[in-house]
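Worksheet: the structure to be examined is printed underneath.
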Amino acid sequence: MRVVALVPGGIGNQILMFPALDELKRYYPNAQIDVVVEPRSKAAYRVSKSVHEVLNFDFKDRNSLADWGNLVGIIRDREYDVAITAGQSWLVGLFLWLTGIPTRIGYQGKGAVFLTSTLPFNTSEYLATVYHNLLQPLNIQTPCPELSLNVPKPDIDWAQKEQKRLGVNETGYILIYGGSSLSSPVKSQNPIYPVENWQQIIQECQRKQPDLPIVIFKGPEDEQIVRSLVDSYPDIKVTSPDNTGKLAAIIGGASLMLTTDSAPLQLSVAVQTYTIALFGSTDPAQVLPKSEKFLVIKSPTGKIGDISPKVVLEKIWGG
């Protein structure tokens, strides 16, 4: 059986799709599973256990009919038996109909007329479960499994060397992601937590636990926030993993992950690191499973900057 899944969105969306793809592979071990994702999200599949090939298509771009036609041709040539779409675009529904794939699964709403099986999209439900529900027309009725990753050994080796370089391999560390370059799976407003708030949190953590190092993860667009924090606290460490596997491995070694609602949050969930997550307008129930390992701080105003550093510190020491 050949299956193609169309998964729009960023890296966080892809990771939340992993349980569905893994369960599909478990039920149909001989299935070949390919995905069509936006170019920015291809990196997620470095840590996937189940995907055979990743195809790029920018769903958000102003694609011409020729662009869509080219994708139709590519999909047709692969002769898929099943298509699963995690989006709700009528254009994607039409596209899947044009490919001639016999089984086309998606959500009720726009484009549903072009699909062979549809399910309701519950906006208040955990997104991994919403994606997993798409397997029901394939006679898979199991509960959604936990997020899990397959981190390549070279990435694990890199993380071990990086921990030694930072001098944290024997002490453990608090890992902080400030939240500017790797966005949330769900659209949110003002996803960046202010630098001055992080400074207060770091200062108090260093005062209370001077022997527990603090490591800042610097993504491709995080130069400014990281520079500001290092200027204020020169003894904090900075790490810059250059792929998803290395980032997952460095998160997995942390004693605590402190992060905004972001793609690194999903990696932290998947590697089961104790995590405190700051949320602005996003409903945490959409992107986090219920677990004592993952603690939520939700802004009372919907703006993440309105979360008091005091509240965060109370959660760190009391959570």
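By order in the structure tokens, chains are A, B, ...; within a chain, residues start at 1; ligands start at 1, following the order shown.
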
Excluding segment 105-110 of chain A and any residue of its chain fewer than 3 positions from it, enumerate the residues within 8 Å of it, using only C-alpha atoms, and give them as a list in words. Val82, Ala83, Ile84, Thr85, Ala86, Gly87, Gln88, Ser89, Trp90, Gly93, Val113, Leu115, Thr116, Ser117, Thr118, Leu119, Pro120, Phe121, Leu134 and Pro137 of chain A

Please dump the current selection as a compact mmCIF listing (two decimals), in the first residue's frame; keep all heavy atoms.
# COMPACT_ATOMS: atom_id res chain seq x y z
N VAL A 82 -3.81 5.62 -1.13
CA VAL A 82 -4.50 6.40 -0.09
C VAL A 82 -3.86 7.78 0.00
O VAL A 82 -2.63 7.92 -0.04
CB VAL A 82 -4.41 5.71 1.29
CG1 VAL A 82 -5.07 6.57 2.37
CG2 VAL A 82 -5.04 4.32 1.24
N ALA A 83 -4.71 8.78 0.12
CA ALA A 83 -4.24 10.14 0.41
C ALA A 83 -4.92 10.63 1.68
O ALA A 83 -6.12 10.44 1.87
CB ALA A 83 -4.56 11.08 -0.75
N ILE A 84 -4.13 11.27 2.55
CA ILE A 84 -4.65 11.85 3.79
C ILE A 84 -4.27 13.32 3.80
O ILE A 84 -3.09 13.66 3.63
CB ILE A 84 -4.04 11.15 5.02
CG1 ILE A 84 -4.44 9.66 5.04
CG2 ILE A 84 -4.48 11.82 6.30
CD1 ILE A 84 -3.71 8.86 6.11
N THR A 85 -5.23 14.20 3.99
CA THR A 85 -4.92 15.62 4.08
C THR A 85 -5.25 16.14 5.47
O THR A 85 -6.35 15.94 5.98
CB THR A 85 -5.65 16.44 3.01
OG1 THR A 85 -5.40 17.84 3.25
CG2 THR A 85 -7.14 16.20 3.00
N ALA A 86 -4.27 16.80 6.07
CA ALA A 86 -4.46 17.35 7.41
C ALA A 86 -4.95 18.79 7.37
O ALA A 86 -5.17 19.40 8.41
CB ALA A 86 -3.15 17.27 8.20
N GLY A 87 -5.09 19.35 6.16
CA GLY A 87 -5.61 20.70 6.02
C GLY A 87 -7.09 20.69 5.70
O GLY A 87 -7.72 19.63 5.59
N GLN A 88 -7.66 21.87 5.51
CA GLN A 88 -9.09 21.97 5.21
C GLN A 88 -9.35 22.88 4.00
O GLN A 88 -10.38 23.52 3.91
CB GLN A 88 -9.84 22.51 6.43
CG GLN A 88 -9.87 21.57 7.61
CD GLN A 88 -10.57 22.17 8.80
OE1 GLN A 88 -10.03 23.00 9.51
NE2 GLN A 88 -11.81 21.75 9.03
N SER A 89 -8.43 22.89 3.08
CA SER A 89 -8.54 23.75 1.91
C SER A 89 -9.34 23.06 0.80
O SER A 89 -9.10 21.89 0.48
CB SER A 89 -7.13 24.09 1.40
OG SER A 89 -7.16 24.59 0.09
N TRP A 90 -10.27 23.81 0.21
CA TRP A 90 -11.03 23.22 -0.91
C TRP A 90 -10.11 22.98 -2.10
O TRP A 90 -10.30 22.03 -2.86
CB TRP A 90 -12.19 24.14 -1.32
CG TRP A 90 -11.75 25.39 -2.04
CD1 TRP A 90 -11.46 26.60 -1.50
CD2 TRP A 90 -11.55 25.53 -3.46
NE1 TRP A 90 -11.08 27.49 -2.47
CE2 TRP A 90 -11.12 26.86 -3.68
CE3 TRP A 90 -11.67 24.66 -4.55
CZ2 TRP A 90 -10.82 27.34 -4.96
CZ3 TRP A 90 -11.37 25.13 -5.81
CH2 TRP A 90 -10.95 26.47 -6.02
N GLY A 93 -8.49 19.71 -1.62
CA GLY A 93 -9.48 18.66 -1.91
C GLY A 93 -9.63 18.45 -3.41
O GLY A 93 -9.66 17.30 -3.89
N VAL A 113 -16.29 17.71 -0.49
CA VAL A 113 -17.01 17.08 -1.59
C VAL A 113 -16.07 16.27 -2.49
O VAL A 113 -16.50 15.34 -3.18
CB VAL A 113 -17.77 18.15 -2.40
CG1 VAL A 113 -16.79 19.07 -3.13
CG2 VAL A 113 -18.73 17.51 -3.38
N LEU A 115 -13.53 14.47 -1.40
CA LEU A 115 -12.93 13.38 -0.63
C LEU A 115 -13.87 12.19 -0.55
O LEU A 115 -15.08 12.32 -0.68
CB LEU A 115 -12.58 13.87 0.78
CG LEU A 115 -11.68 15.12 0.85
CD1 LEU A 115 -11.50 15.57 2.29
CD2 LEU A 115 -10.32 14.85 0.20
N THR A 116 -13.30 11.02 -0.28
CA THR A 116 -14.13 9.81 -0.17
C THR A 116 -14.54 9.54 1.27
O THR A 116 -15.53 8.85 1.51
CB THR A 116 -13.37 8.58 -0.71
OG1 THR A 116 -12.14 8.42 0.02
CG2 THR A 116 -13.06 8.75 -2.19
N SER A 117 -13.77 10.05 2.25
CA SER A 117 -14.11 9.89 3.67
C SER A 117 -13.76 11.18 4.39
O SER A 117 -12.68 11.73 4.19
CB SER A 117 -13.33 8.73 4.31
OG SER A 117 -13.66 7.50 3.70
N THR A 118 -14.68 11.64 5.25
CA THR A 118 -14.42 12.86 6.01
C THR A 118 -14.75 12.67 7.48
O THR A 118 -15.61 11.87 7.84
CB THR A 118 -15.24 14.06 5.47
OG1 THR A 118 -16.64 13.74 5.57
CG2 THR A 118 -14.88 14.36 4.03
N LEU A 119 -14.05 13.43 8.32
CA LEU A 119 -14.27 13.40 9.76
C LEU A 119 -14.37 14.82 10.27
O LEU A 119 -13.85 15.75 9.66
CB LEU A 119 -13.12 12.68 10.47
CG LEU A 119 -12.91 11.21 10.09
CD1 LEU A 119 -11.77 11.08 9.08
CD2 LEU A 119 -12.60 10.38 11.33
N PRO A 120 -15.02 15.02 11.42
CA PRO A 120 -15.10 16.38 11.99
C PRO A 120 -13.74 16.82 12.52
O PRO A 120 -12.95 15.99 12.98
CB PRO A 120 -16.11 16.23 13.13
CG PRO A 120 -16.08 14.78 13.49
CD PRO A 120 -15.78 14.04 12.22
N PHE A 121 -13.47 18.11 12.42
CA PHE A 121 -12.26 18.70 12.97
C PHE A 121 -12.63 19.39 14.27
O PHE A 121 -13.30 20.42 14.27
CB PHE A 121 -11.64 19.70 11.98
CG PHE A 121 -10.28 20.20 12.40
CD1 PHE A 121 -9.13 19.66 11.85
CD2 PHE A 121 -10.16 21.22 13.35
CE1 PHE A 121 -7.88 20.12 12.23
CE2 PHE A 121 -8.90 21.68 13.74
CZ PHE A 121 -7.76 21.13 13.17
N LEU A 134 -7.83 10.69 11.56
CA LEU A 134 -7.89 10.50 10.11
C LEU A 134 -7.63 9.05 9.70
O LEU A 134 -7.86 8.68 8.55
CB LEU A 134 -6.87 11.42 9.42
CG LEU A 134 -7.19 12.92 9.46
CD1 LEU A 134 -5.99 13.74 9.00
CD2 LEU A 134 -8.41 13.23 8.61
N PRO A 137 -11.04 5.79 8.83
CA PRO A 137 -11.55 5.15 7.61
C PRO A 137 -10.68 3.98 7.13
O PRO A 137 -11.11 3.21 6.27
CB PRO A 137 -11.53 6.30 6.59
CG PRO A 137 -11.64 7.54 7.41
CD PRO A 137 -10.84 7.24 8.63

As number ranges by chain, please: the residues near Tyr80 of chain A (cut-off 7 Å, only C-alpha atoms, same-chain neighbours under 5 positions excluded). A: 2-4, 101

Using only N, CA and C atoms, please write the residues we just selected to a file, as a PDB file, in the first residue's frame.
ATOM      1  N   ARG A   2       0.535   2.191  -0.859  1.00  0.00           N
ATOM      2  CA  ARG A   2       1.271   3.448  -0.941  1.00  0.00           C
ATOM      3  C   ARG A   2       0.361   4.574  -0.438  1.00  0.00           C
ATOM      4  N   VAL A   3       0.878   5.355   0.516  1.00  0.00           N
ATOM      5  CA  VAL A   3       0.088   6.398   1.168  1.00  0.00           C
ATOM      6  C   VAL A   3       0.826   7.722   1.055  1.00  0.00           C
ATOM      7  N   VAL A   4       0.089   8.781   0.765  1.00  0.00           N
ATOM      8  CA  VAL A   4       0.661  10.121   0.796  1.00  0.00           C
ATOM      9  C   VAL A   4      -0.157  10.975   1.767  1.00  0.00           C
ATOM     10  N   ILE A 101      -6.413   9.392  -6.856  1.00  0.00           N
ATOM     11  CA  ILE A 101      -6.161   8.451  -5.756  1.00  0.00           C
ATOM     12  C   ILE A 101      -7.507   7.907  -5.262  1.00  0.00           C
TER      13      ILE A 101
END

Nearest to Leu166 of chain A among A:Thr275, A:Ala128, A:Ile250, A:Glu196, with distances taken over only C-alpha atoms: which residue is it?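 Smallest separation from Leu166 of chain A among the options: A:Ile250.
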
Choose the residue, out of A:Ile75, A:Asn63, A:Leu55, A:Pro145, that has the smallest atom-to-atom separation from Leu21 of chain A; count only C-alpha atoms.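 Closest to Leu21 of chain A of all the choices is A:Pro145.
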
Taking into account only C-alpha atoms, which residue in the set A:Cys205, A:Ala31, A:Glu162, A:Leu313 is nearest to Ile251 of chain A? A:Glu162
